[in-house]
Structure formats: structure tokens, C-alpha cells
>>> print(open('work.cif').read())   # mmCIF, C-alpha atoms and all ligand atoms
data_data
#
loop_
_atom_site.label_atom_id
_atom_site.label_comp_id
_atom_site.auth_asym_id
_atom_site.auth_seq_id
_atom_site.Cartn_x
_atom_site.Cartn_y
_atom_site.Cartn_z
CA MET A 16 -61.36 12.64 -31.93
CA THR A 17 -61.52 10.97 -35.33
CA ALA A 18 -61.76 7.17 -35.54
CA ILE A 19 -58.41 5.42 -35.84
CA THR A 20 -57.57 1.83 -36.67
CA GLU A 21 -54.55 -0.34 -35.93
CA PRO A 22 -53.81 -3.79 -37.38
CA ALA A 23 -53.21 -6.55 -34.82
CA PRO A 24 -51.18 -9.34 -36.45
CA ALA A 25 -51.23 -12.94 -35.14
CA LYS A 26 -47.93 -14.54 -34.21
CA VAL A 27 -46.63 -17.98 -34.97
CA ASN A 28 -43.79 -19.68 -33.12
CA LEU A 29 -41.12 -21.03 -35.45
CA GLY A 30 -40.14 -23.79 -33.02
CA LEU A 31 -40.12 -23.74 -29.24
CA THR A 32 -37.49 -25.09 -26.85
CA LEU A 33 -38.86 -25.96 -23.41
CA GLY A 34 -36.35 -25.62 -20.58
CA PRO A 35 -36.41 -26.48 -16.89
CA LEU A 36 -38.86 -25.03 -14.37
CA ARG A 37 -37.65 -21.82 -12.72
CA GLU A 38 -38.08 -20.87 -9.09
CA ASP A 39 -41.11 -18.73 -10.01
CA GLY A 40 -42.88 -21.86 -11.30
CA ARG A 41 -42.53 -20.88 -14.97
CA HIS A 42 -40.48 -22.77 -17.55
CA ARG A 43 -37.47 -21.39 -19.35
CA LEU A 44 -38.28 -21.02 -23.04
CA VAL A 45 -36.57 -20.16 -26.27
CA THR A 46 -38.77 -19.43 -29.25
CA VAL A 47 -38.82 -17.37 -32.44
CA MET A 48 -42.00 -15.28 -32.55
CA GLN A 49 -42.98 -14.33 -36.06
CA PRO A 50 -45.90 -11.97 -36.80
CA VAL A 51 -47.93 -13.06 -39.83
CA GLY A 52 -50.45 -11.35 -42.07
CA LEU A 53 -53.50 -12.77 -40.32
CA CYS A 54 -54.72 -9.65 -38.55
CA ASP A 55 -57.53 -8.47 -36.31
CA ARG A 56 -58.45 -4.81 -36.79
CA VAL A 57 -58.81 -2.67 -33.68
CA SER A 58 -60.63 0.65 -34.15
CA ALA A 59 -61.21 3.43 -31.66
CA ALA A 60 -63.93 6.09 -31.83
CA PRO A 61 -65.53 8.33 -29.19
CA ALA A 62 -67.81 6.32 -26.86
CA PRO A 63 -71.51 7.23 -27.26
CA LEU A 64 -72.72 10.33 -25.41
CA GLY A 65 -73.29 9.58 -21.75
CA ALA A 66 -70.84 6.66 -21.62
CA GLY A 67 -68.89 7.07 -18.40
CA GLU A 68 -66.02 4.79 -19.36
CA ASP A 69 -64.22 3.06 -22.20
CA GLU A 70 -66.06 0.17 -23.82
CA CYS A 71 -65.27 -2.62 -26.25
CA LEU A 72 -67.26 -4.47 -28.91
CA CYS A 73 -65.66 -7.76 -29.92
CA GLU A 74 -67.83 -10.49 -31.38
CA GLY A 75 -66.82 -14.03 -30.40
CA VAL A 76 -65.00 -13.09 -27.19
CA GLU A 77 -66.69 -13.25 -23.81
CA GLY A 78 -65.52 -11.85 -20.51
CA GLU A 79 -63.18 -8.92 -20.04
CA ASN A 80 -61.40 -8.00 -23.25
CA LEU A 81 -57.63 -7.72 -23.03
CA ALA A 82 -57.72 -4.66 -25.32
CA LEU A 83 -60.02 -2.86 -22.89
CA ALA A 84 -57.78 -3.88 -19.98
CA ALA A 85 -54.85 -2.40 -21.94
CA LEU A 86 -56.62 0.95 -22.23
CA ARG A 87 -57.50 0.90 -18.52
CA ASP A 88 -53.92 0.11 -17.48
CA PHE A 89 -52.54 2.75 -19.84
CA ARG A 90 -54.81 5.38 -18.25
CA ALA A 91 -53.79 4.27 -14.74
CA ALA A 92 -50.06 4.29 -15.56
CA THR A 93 -50.00 7.64 -17.35
CA GLY A 94 -52.85 9.57 -15.75
CA TRP A 95 -54.26 10.22 -19.22
CA ASP A 96 -57.94 11.19 -18.82
CA GLY A 97 -59.06 11.68 -22.41
CA ALA A 98 -62.79 11.22 -23.18
CA PRO A 99 -64.14 7.62 -23.04
CA VAL A 100 -63.32 5.52 -26.08
CA ARG A 101 -65.26 2.76 -27.83
CA LEU A 102 -62.97 0.04 -29.15
CA GLU A 103 -64.31 -2.15 -31.91
CA ILE A 104 -62.42 -5.34 -32.75
CA GLU A 105 -62.87 -7.23 -35.99
CA LYS A 106 -61.64 -10.74 -35.12
CA LYS A 107 -59.83 -12.75 -37.77
CA ILE A 108 -57.34 -14.49 -35.49
CA PRO A 109 -58.77 -17.74 -34.08
CA VAL A 110 -59.45 -17.48 -30.32
CA ALA A 111 -57.48 -19.58 -27.80
CA ALA A 112 -55.52 -21.02 -30.69
CA GLY A 113 -51.94 -20.33 -29.56
CA MET A 114 -51.68 -17.35 -31.95
CA ALA A 115 -51.75 -14.59 -29.30
CA GLY A 116 -54.91 -12.97 -30.67
CA GLY A 117 -55.91 -11.31 -27.40
CA SER A 118 -52.35 -10.08 -26.89
CA ALA A 119 -52.27 -8.70 -30.44
CA ASP A 120 -55.47 -6.73 -29.75
CA ALA A 121 -54.02 -5.44 -26.46
CA GLY A 122 -50.83 -4.36 -28.27
CA ALA A 123 -52.91 -2.52 -30.88
CA ALA A 124 -54.98 -0.86 -28.12
CA LEU A 125 -51.76 0.40 -26.51
CA ARG A 126 -50.59 1.87 -29.84
CA ILE A 127 -54.01 3.54 -30.13
CA ALA A 128 -53.71 4.92 -26.58
CA GLU A 129 -50.28 6.37 -27.46
CA ARG A 130 -51.72 8.04 -30.54
CA LEU A 131 -54.81 9.42 -28.76
CA SER A 132 -52.95 10.71 -25.72
CA GLY A 133 -49.85 11.95 -27.52
CA ILE A 134 -47.82 10.30 -24.76
CA GLU A 135 -44.71 8.78 -26.30
CA ASP A 136 -42.98 6.74 -23.64
CA ASP A 137 -41.93 3.36 -25.01
CA GLU A 138 -40.56 2.17 -21.68
CA LEU A 139 -43.79 2.91 -19.83
CA VAL A 140 -45.92 1.30 -22.56
CA ASP A 141 -43.69 -1.77 -22.51
CA SER A 142 -44.15 -2.08 -18.74
CA VAL A 143 -47.96 -1.74 -19.05
CA ALA A 144 -47.82 -4.46 -21.75
CA ALA A 145 -45.77 -6.78 -19.53
CA GLY A 146 -48.38 -6.43 -16.76
CA LEU A 147 -51.13 -7.57 -19.14
CA GLY A 148 -49.57 -10.91 -20.10
CA SER A 149 -46.37 -12.53 -21.30
CA ASP A 150 -47.30 -12.38 -25.01
CA VAL A 151 -48.31 -8.70 -25.00
CA PRO A 152 -44.87 -6.93 -25.07
CA ALA A 153 -44.01 -8.57 -28.42
CA GLN A 154 -47.30 -7.26 -29.81
CA VAL A 155 -46.82 -3.58 -28.94
CA TRP A 156 -44.26 -3.37 -31.71
CA PRO A 157 -44.74 -6.63 -33.65
CA THR A 158 -41.64 -7.84 -35.47
CA ARG A 159 -39.60 -11.07 -35.44
CA TYR A 160 -38.31 -11.68 -31.91
CA LEU A 161 -36.25 -14.28 -30.15
CA ALA A 162 -38.06 -14.75 -26.84
CA THR A 163 -36.05 -16.15 -23.93
CA GLY A 164 -36.34 -16.16 -20.13
CA ALA A 165 -39.87 -17.39 -19.49
CA GLY A 166 -40.75 -16.15 -22.99
CA ASP A 167 -40.79 -12.56 -21.70
CA VAL A 168 -37.26 -11.41 -22.59
CA LEU A 169 -37.33 -10.16 -26.17
CA HIS A 170 -34.49 -9.64 -28.64
CA ALA A 171 -35.59 -8.18 -31.98
CA LEU A 172 -34.23 -10.25 -34.87
CA PRO A 173 -33.61 -9.06 -38.44
CA GLU A 174 -36.75 -9.15 -40.56
CA PRO A 175 -36.87 -12.36 -42.60
CA ALA A 176 -37.04 -12.88 -46.33
CA PRO A 177 -40.68 -13.60 -47.37
CA PHE A 178 -42.03 -17.16 -47.12
CA GLY A 179 -45.40 -18.89 -47.00
CA VAL A 180 -47.28 -20.02 -43.90
CA LEU A 181 -50.32 -22.27 -43.91
CA VAL A 182 -52.42 -21.68 -40.78
CA VAL A 183 -54.73 -24.59 -39.92
CA PRO A 184 -57.07 -23.68 -37.05
CA SER A 185 -58.90 -26.30 -35.00
CA ARG A 186 -62.52 -26.47 -33.92
CA HIS A 187 -61.22 -27.16 -30.41
CA ARG A 188 -59.49 -24.93 -27.86
CA LEU A 189 -56.51 -25.75 -25.68
CA SER A 190 -55.69 -23.85 -22.52
CA THR A 191 -52.04 -22.83 -22.31
CA PRO A 192 -51.69 -23.81 -18.58
CA ASP A 193 -53.18 -27.26 -19.34
CA VAL A 194 -50.61 -27.80 -22.10
CA PHE A 195 -47.71 -26.83 -19.80
CA ARG A 196 -49.06 -29.16 -17.08
CA GLU A 197 -49.23 -32.00 -19.60
CA ALA A 198 -45.66 -31.20 -20.72
CA ASP A 199 -44.58 -31.54 -17.07
CA ARG A 200 -46.43 -34.84 -16.72
CA LEU A 201 -44.70 -36.15 -19.86
CA GLY A 202 -41.30 -34.82 -18.71
CA LEU A 203 -40.66 -32.84 -21.92
CA ALA A 204 -38.36 -30.12 -20.52
CA ARG A 205 -34.74 -30.01 -21.68
CA SER A 206 -31.73 -29.18 -19.50
CA GLY A 207 -30.52 -25.60 -18.98
CA ALA A 208 -27.33 -26.38 -20.93
CA GLU A 209 -29.34 -27.59 -23.92
CA VAL A 210 -31.51 -24.46 -23.80
CA GLU A 211 -28.42 -22.22 -23.87
CA ALA A 212 -26.83 -24.13 -26.76
CA ARG A 213 -30.00 -23.94 -28.83
CA GLU A 214 -30.44 -20.22 -28.10
CA ALA A 215 -26.89 -19.46 -29.28
CA GLU A 216 -27.39 -21.53 -32.43
CA LEU A 217 -30.65 -19.69 -33.25
CA VAL A 218 -29.16 -16.22 -32.82
CA GLY A 219 -26.30 -17.09 -35.18
CA ALA A 220 -28.53 -18.76 -37.75
CA LEU A 221 -31.05 -15.87 -37.96
CA ALA A 222 -28.59 -12.96 -37.81
CA ALA A 223 -28.68 -12.40 -41.57
CA GLY A 224 -32.48 -12.55 -42.03
CA ALA A 225 -32.84 -16.22 -43.06
CA ALA A 226 -36.49 -17.18 -43.52
CA PHE A 227 -36.35 -20.23 -41.24
CA PRO A 228 -34.36 -21.41 -38.22
CA PRO A 229 -32.20 -24.52 -38.81
CA GLU A 230 -34.30 -27.66 -39.24
CA ASP A 231 -33.36 -29.29 -35.92
CA LEU A 232 -34.46 -26.12 -34.06
CA MET A 233 -37.83 -25.87 -35.74
CA GLU A 234 -39.51 -28.36 -33.46
CA ASN A 235 -42.02 -27.42 -30.82
CA ASP A 236 -41.25 -29.19 -27.53
CA LEU A 237 -44.87 -28.53 -26.41
CA GLU A 238 -46.25 -30.44 -29.39
CA PRO A 239 -46.35 -33.91 -27.72
CA ALA A 240 -48.31 -32.34 -24.82
CA ALA A 241 -50.82 -30.67 -27.18
CA VAL A 242 -51.19 -33.94 -29.15
CA SER A 243 -51.64 -35.90 -25.93
CA LEU A 244 -54.56 -33.62 -24.96
CA LEU A 245 -55.99 -33.51 -28.49
CA PRO A 246 -54.87 -36.64 -30.41
CA GLU A 247 -56.55 -35.59 -33.69
CA LEU A 248 -53.73 -33.05 -34.09
CA GLU A 249 -51.56 -35.92 -35.32
CA TRP A 250 -53.89 -36.28 -38.33
CA THR A 251 -53.80 -32.56 -38.99
CA LEU A 252 -49.98 -32.60 -38.95
CA ASP A 253 -50.01 -35.49 -41.46
CA GLU A 254 -52.47 -33.61 -43.70
CA VAL A 255 -50.28 -30.49 -43.70
CA ARG A 256 -47.16 -32.52 -44.53
CA GLY A 257 -49.18 -34.30 -47.25
CA ALA A 258 -50.07 -30.88 -48.72
CA GLY A 259 -46.36 -30.24 -49.29
CA ALA A 260 -45.21 -28.28 -46.21
CA LEU A 261 -41.45 -28.19 -45.65
CA ARG A 262 -42.23 -28.35 -41.92
CA ALA A 263 -45.46 -28.79 -39.99
CA PHE A 264 -45.88 -28.22 -36.27
CA VAL A 265 -48.28 -27.20 -33.57
CA CYS A 266 -48.14 -23.42 -33.07
CA GLY A 267 -47.15 -22.48 -29.50
CA SER A 268 -49.43 -24.31 -27.09
CA GLY A 269 -51.82 -25.18 -29.93
CA PRO A 270 -54.20 -26.34 -31.17
CA THR A 271 -53.51 -24.40 -34.41
CA VAL A 272 -51.13 -26.26 -36.74
CA ILE A 273 -48.88 -24.37 -39.13
CA GLY A 274 -47.07 -25.48 -42.25
CA LEU A 275 -44.08 -23.64 -43.71
CA PHE A 276 -43.46 -23.18 -47.44
CA ASP A 277 -40.72 -21.51 -49.48
CA VAL A 278 -43.19 -19.13 -51.15
CA LEU A 279 -46.72 -17.85 -50.49
CA GLY A 280 -48.04 -19.48 -53.71
CA SER A 281 -47.27 -22.98 -52.38
CA ALA A 282 -49.05 -22.19 -49.09
CA VAL A 283 -52.06 -20.91 -51.09
CA ALA A 284 -52.12 -24.18 -53.10
CA ALA A 285 -52.03 -26.18 -49.83
CA ALA A 286 -54.86 -24.05 -48.39
CA THR A 287 -56.90 -24.83 -51.50
CA ALA A 288 -56.14 -28.56 -51.17
CA LEU A 289 -57.34 -28.49 -47.54
CA ALA A 290 -60.29 -26.14 -48.15
CA GLY A 291 -62.74 -28.85 -47.07
CA ARG A 292 -61.59 -28.49 -43.45
CA ASP A 293 -63.71 -26.54 -40.98
CA PRO A 294 -62.46 -23.99 -39.99
CA ARG A 295 -60.89 -23.33 -43.36
CA PRO A 296 -57.05 -23.05 -43.48
CA VAL A 297 -55.53 -19.74 -44.60
CA ALA A 298 -52.25 -18.94 -46.35
CA VAL A 299 -50.28 -15.91 -45.21
CA GLU A 300 -46.82 -14.33 -45.36
CA PRO A 301 -44.72 -12.79 -42.58
CA TRP A 302 -46.05 -9.41 -41.44
CA TYR A 303 -43.57 -6.52 -41.46
CA PRO A 304 -43.72 -3.49 -39.12
CA SER A 305 -43.50 -1.14 -42.10
CA ALA A 306 -47.28 -1.86 -42.38
CA LEU A 307 -47.75 0.48 -39.39
CA GLY A 308 -46.60 3.40 -41.52
CA PRO A 309 -43.56 5.68 -41.32
CA GLY A 310 -42.29 7.26 -38.12
CA ARG A 311 -43.56 4.64 -35.68
CA ARG A 312 -41.05 3.54 -32.97
P1 LIG A 401 -52.75 -17.53 -24.78
O1 LIG A 401 -51.73 -18.50 -25.23
O2 LIG A 401 -52.19 -16.28 -24.14
O3 LIG A 401 -53.92 -18.13 -24.06
P2 LIG A 401 -54.07 -17.58 -27.30
O4 LIG A 401 -53.56 -16.93 -28.51
O5 LIG A 401 -54.03 -19.05 -27.27
O6 LIG A 401 -53.31 -16.92 -26.10
P3 LIG A 401 -56.35 -15.82 -27.22
O7 LIG A 401 -57.00 -15.85 -28.55
O8 LIG A 401 -55.52 -14.64 -26.87
O9 LIG A 401 -55.55 -17.17 -27.01
O10 LIG A 401 -57.50 -16.04 -26.14
C1 LIG A 401 -57.28 -16.50 -24.83
C2 LIG A 401 -58.48 -16.05 -23.97
O11 LIG A 401 -58.36 -14.65 -23.77
C3 LIG A 401 -59.84 -16.24 -24.65
O12 LIG A 401 -60.45 -17.42 -24.21
C4 LIG A 401 -60.66 -15.01 -24.27
O13 LIG A 401 -61.60 -15.27 -23.29
C5 LIG A 401 -59.65 -14.03 -23.68
N1 LIG A 401 -59.62 -12.76 -24.43
C6 LIG A 401 -59.67 -11.54 -23.91
N2 LIG A 401 -59.58 -10.59 -24.85
C7 LIG A 401 -59.47 -11.21 -26.04
C8 LIG A 401 -59.36 -10.76 -27.39
N3 LIG A 401 -59.34 -9.46 -27.71
N4 LIG A 401 -59.26 -11.71 -28.35
C9 LIG A 401 -59.27 -13.02 -28.03
N5 LIG A 401 -59.38 -13.49 -26.78
C10 LIG A 401 -59.49 -12.61 -25.77
#
>>> encode(input="work.cif", output="C-alpha cells")
Amino acid sequence: MTAITEPAPAKVNLGLTLGPLREDGRHRLVTVMQPVGLCDRVSAAPAPLGAGEDECLCEGVEGENLALAALRDFRAATGWDGAPVRLEIEKKIPVAAGMAGGSADAGAALRIAERLSGIEDDELVDSVAAGLGSDVPAQVWPTRYLATGAGDVLHALPEPAPFGVLVVPSRHRLSTPDVFREADRLGLARSGAEVEAREAELVGALAAGAAFPPEDLMENDLEPAAVSLLPELEWTLDEVRGAGALRAFVCGSGPTVIGLFDVLGSAVAAATALAGRDPRPVAVEPWYPSALGPGRR
């Protein structure tokens, strides 16, 4: 087995509509998930001689790695018993930042498992991904998706025209369940009818590959909950607007803030203006699946 590498792009949410609680205790959601060119790199090589099982090196992440869990679940679901693999993950995506970094690594590990095993069964891989976490299915084949249901029902959208994204990470972490609990406490959920109307409007507006959703749909309903738990986010949002962003909002459940720009150059200029922040902001463009090479999915 020769070493192979897969990119694992971060995702940003271009707005998020929070709907009512469902019977399973999860909220209805509508959100546009956009992969961006801020990528971890997941590599696989043979595990050292004598290793009885797969292993994973990933600096900055403690506890069980979702990429390793992905490999384990793939083996269990397919019966593939290829020699033990060592995964090595180069982290660039901030951890617990609302950018689905762990899910991106798990998605890349599943693509690696497909390549190593020669098993091409998209349906089975999608079901392994769904078992790993709600953000993983969109990361097996990253492209722009409209996510509905509880965020787990995916409709691929046309790839957008290029634009600029300023990613402003925080020194703090926010737990996704805490942010949802705070959203409940603040009563932020919209009615089912509103969710449906907004979903229909988004599908129509993005059908031709527009860069951005309409302005009124580019708000994140979870933002007041994230700001309530971490009030300094309000300052960050002001800084990003002050640096010229067309829109600034908390990404997913936060605490990363993103700013949107017409072109990459403007996002780069904003990143330079805010370079004194720690961690340092980065400017990126949308990530396109053609980066995976020809003949994939
Ligand atoms: P979520 O919203 O699903 O929590 P996130 O993007 O905010 O996702 P992640 O960066 O995926 O957050 O990290 C969430 C937690 O998952 C981390 O605290 C970490 O312990 C665990 N984790 C497991 N594997 C990874 C990985 N490969 N990269 C990052 N975190 C991982």
C-alpha cells in the first residue's frame, strides 16, 4: 500500500434557519453548507510492523478521533480486513469552531477507505457517515448543499460563482449542544410554516449558482445564542463589518465568525487589516469538488 492523501475542507454555513423542536428532540433546520478552501490533510500509510489495529496521529485533538472511528465503522459495515492503517491528520481547521473539522476528517477517511478497499458503494458509505454524526454525510462528497430535516437531509446545490470568505477563529470553544440549549432558553426557533417558506425561497434563489443566498436569508438564527454564551463575539462581528464585509455572521454554532466578500482579494485585504488578532484570520474561496480529481463520485 502506498501512502495516499485526501483534502478535508472546512464548511461554513451561509445562514441558518432554526425551526421548531421535533419529536426526536432535535430542531428542524435549513442551512446552506458551503465547503471552503481551509483544509485539513488526511494521509494514510501502512501502520508500523506489529500494529494490531488502525491508528491515528492528530496533533491538537484529544480523545477518540472521528477519522479513526470512520475507518472502524467502514470495516465493520463492509467486512473489509485490509492491513492496519496509520492515519495522519494535519489540522488547519480550528477545533470545536462550528466548521465541522472532525466531520471533514471523517469524510476524508471514508474516501480513503473506499480507495484502499476498492469497495465502491456510495449508499453504504453514506450510511456509515450518517452513523458518525450529522455533519459527516456532507463531508464524504463535499459540495454546496442545502441541509434540511434536522440538518441531515442533503440536497446538492449548483456550485457557486467564486467569492471571498474571511474566517475569524476564536480563542474560545463553544459546544454545539450548549448553543442549542441557549437558543431554546431564548426562544429563537421559528414556526414550521416560516421554515418551509424560507427553504423554498433558498432553493429558487440558488438554482442558478448565485454566490450568496438573498440577504434576508443570510442570517444565523443561532447567533444570538452563541453571542449570549460568548458576548465578545459582538465585537468580532463589528470588526469584520468594519473591515468591509458585505455580511458578517457567526458560523453554525460558533464561535468562528465569517465575513463574506465579492472577491477573494477583498477578503485578503480584510485578513491583513485584522492580522493582529490571535488566532489570525484567514481569507479563502469556496472549495470545489473538482479538487478531488477526475472520476470521483
Ligand atoms: P460540531 O459542531 O460537530 O461539534 P465543530 O466543527 O464545532 O463540530 P470539531 O472541530 O469537529 O467541532 O470538534 C468537535 C470535537 O470533536 C472536538 O472537541 C474533538 O474532541 C472531537 N474530534 C474528534 N476527532 C476530531 C478531528 N479529527 N478533528 C477535530 N476534532 C475532533
>>> closest_residue(input="work.cif", among="A:Pro61, A:Pro99, A:Pro22, A:Gly267", to="Gln49 of chain A", atoms="only C-alpha atoms")
A:Gly267
>>> residues_near_ligand(input="work.cif", ligand="ligand LIG 401 (chain A)", cutoff="6 Å", atoms="all atoms listed in the file", output="mmCIF file with C-alpha atoms, keeping the file's coordinate frame")
data_model
loop_
_atom_site.group_PDB
_atom_site.id
_atom_site.type_symbol
_atom_site.label_atom_id
_atom_site.label_comp_id
_atom_site.auth_asym_id
_atom_site.auth_seq_id
_atom_site.Cartn_x
_atom_site.Cartn_y
_atom_site.Cartn_z
ATOM 1 C CA VAL A 76 -65.000 -13.090 -27.190
ATOM 2 C CA GLU A 77 -66.690 -13.250 -23.810
ATOM 3 C CA GLY A 78 -65.520 -11.850 -20.510
ATOM 4 C CA GLU A 79 -63.180 -8.920 -20.040
ATOM 5 C CA ASN A 80 -61.400 -8.000 -23.250
ATOM 6 C CA LEU A 81 -57.630 -7.720 -23.030
ATOM 7 C CA ALA A 82 -57.720 -4.660 -25.320
ATOM 8 C CA VAL A 110 -59.450 -17.480 -30.320
ATOM 9 C CA ALA A 111 -57.480 -19.580 -27.800
ATOM 10 C CA ALA A 112 -55.520 -21.020 -30.690
ATOM 11 C CA GLY A 113 -51.940 -20.330 -29.560
ATOM 12 C CA MET A 114 -51.680 -17.350 -31.950
ATOM 13 C CA ALA A 115 -51.750 -14.590 -29.300
ATOM 14 C CA GLY A 116 -54.910 -12.970 -30.670
ATOM 15 C CA GLY A 117 -55.910 -11.310 -27.400
ATOM 16 C CA SER A 118 -52.350 -10.080 -26.890
ATOM 17 C CA ASP A 120 -55.470 -6.730 -29.750
ATOM 18 C CA THR A 191 -52.040 -22.830 -22.310
#
>>> atom_distance(input="work.cif", atom1="atom CA of Thr93 of chain A", atom2="atom CA of Glu74 of chain A")
29.0 Å
>>> atom_distance(input="work.cif", atom1="atom CA of Val218 of chain A", atom2="atom CA of Ala121 of chain A")
27.8 Å
>>> residues_around(input="work.cif", residues="Pro304 of chain A", least_positions_apart="6", cutoff="8 Å", atoms="only C-alpha atoms", output="VMD selection string")
chain A and resid 156 to 158
>>> write_last_selection(input="work.cif", atoms="C-alpha atoms", output="CSV table (one decimal), in the frame of the given file")
chain,number,residue,atom,x,y,z
A,156,TRP,CA,-44.3,-3.4,-31.7
A,157,PRO,CA,-44.7,-6.6,-33.6
A,158,THR,CA,-41.6,-7.8,-35.5
>>> atom_distance(input="work.cif", atom1="atom CA of Ala222 of chain A", atom2="atom CA of Gly280 of chain A")
26.0 Å
>>> closest_residue(input="work.cif", among="A:Pro35, A:Ala62, A:His187, A:Val143", to="Pro246 of chain A", atoms="only C-alpha atoms")
A:His187
>>> closest_atom_pairs(input="work.cif", of="segment 50-166 of chain A", to="segment 195-216 of chain A", cutoff="12 Å", atoms="all atoms listed in the file", output="CSV")
residue,atom,partner,partner_atom,distance
A:Leu161,CA,A:Glu214,CA,8.6
A:Ala162,CA,A:Glu214,CA,9.5
A:Thr163,CA,A:Glu214,CA,8.1
A:Gly164,CA,A:Val210,CA,10.3
A:Ala165,CA,A:Val210,CA,11.8
>>> closest_residue(input="work.cif", among="A:Ile108, A:Ala59, A:Leu83, A:Leu245", to="Val297 of chain A", atoms="only C-alpha atoms")
A:Ile108
>>> closest_residue(input="work.cif", among="A:Ala91, A:Ala282, A:Val194, A:Phe227", to="Leu244 of chain A", atoms="all atoms listed in the file")
A:Val194
>>> residues_around(input="work.cif", residues="segment 166-183 of chain A", least_positions_apart="4", cutoff="6 Å", atoms="all atoms listed in the file", output="list in words")
Leu44, Ser149, Arg159, Tyr160, Leu161, Ala162, Gly224, Ala225, Ala226, Thr271, Val272, Ile273, Gly274, Leu275, Phe276, Asp277, Val278, Leu279, Ala282, Pro296, Val297, Ala298, Val299 and Glu300 of chain A
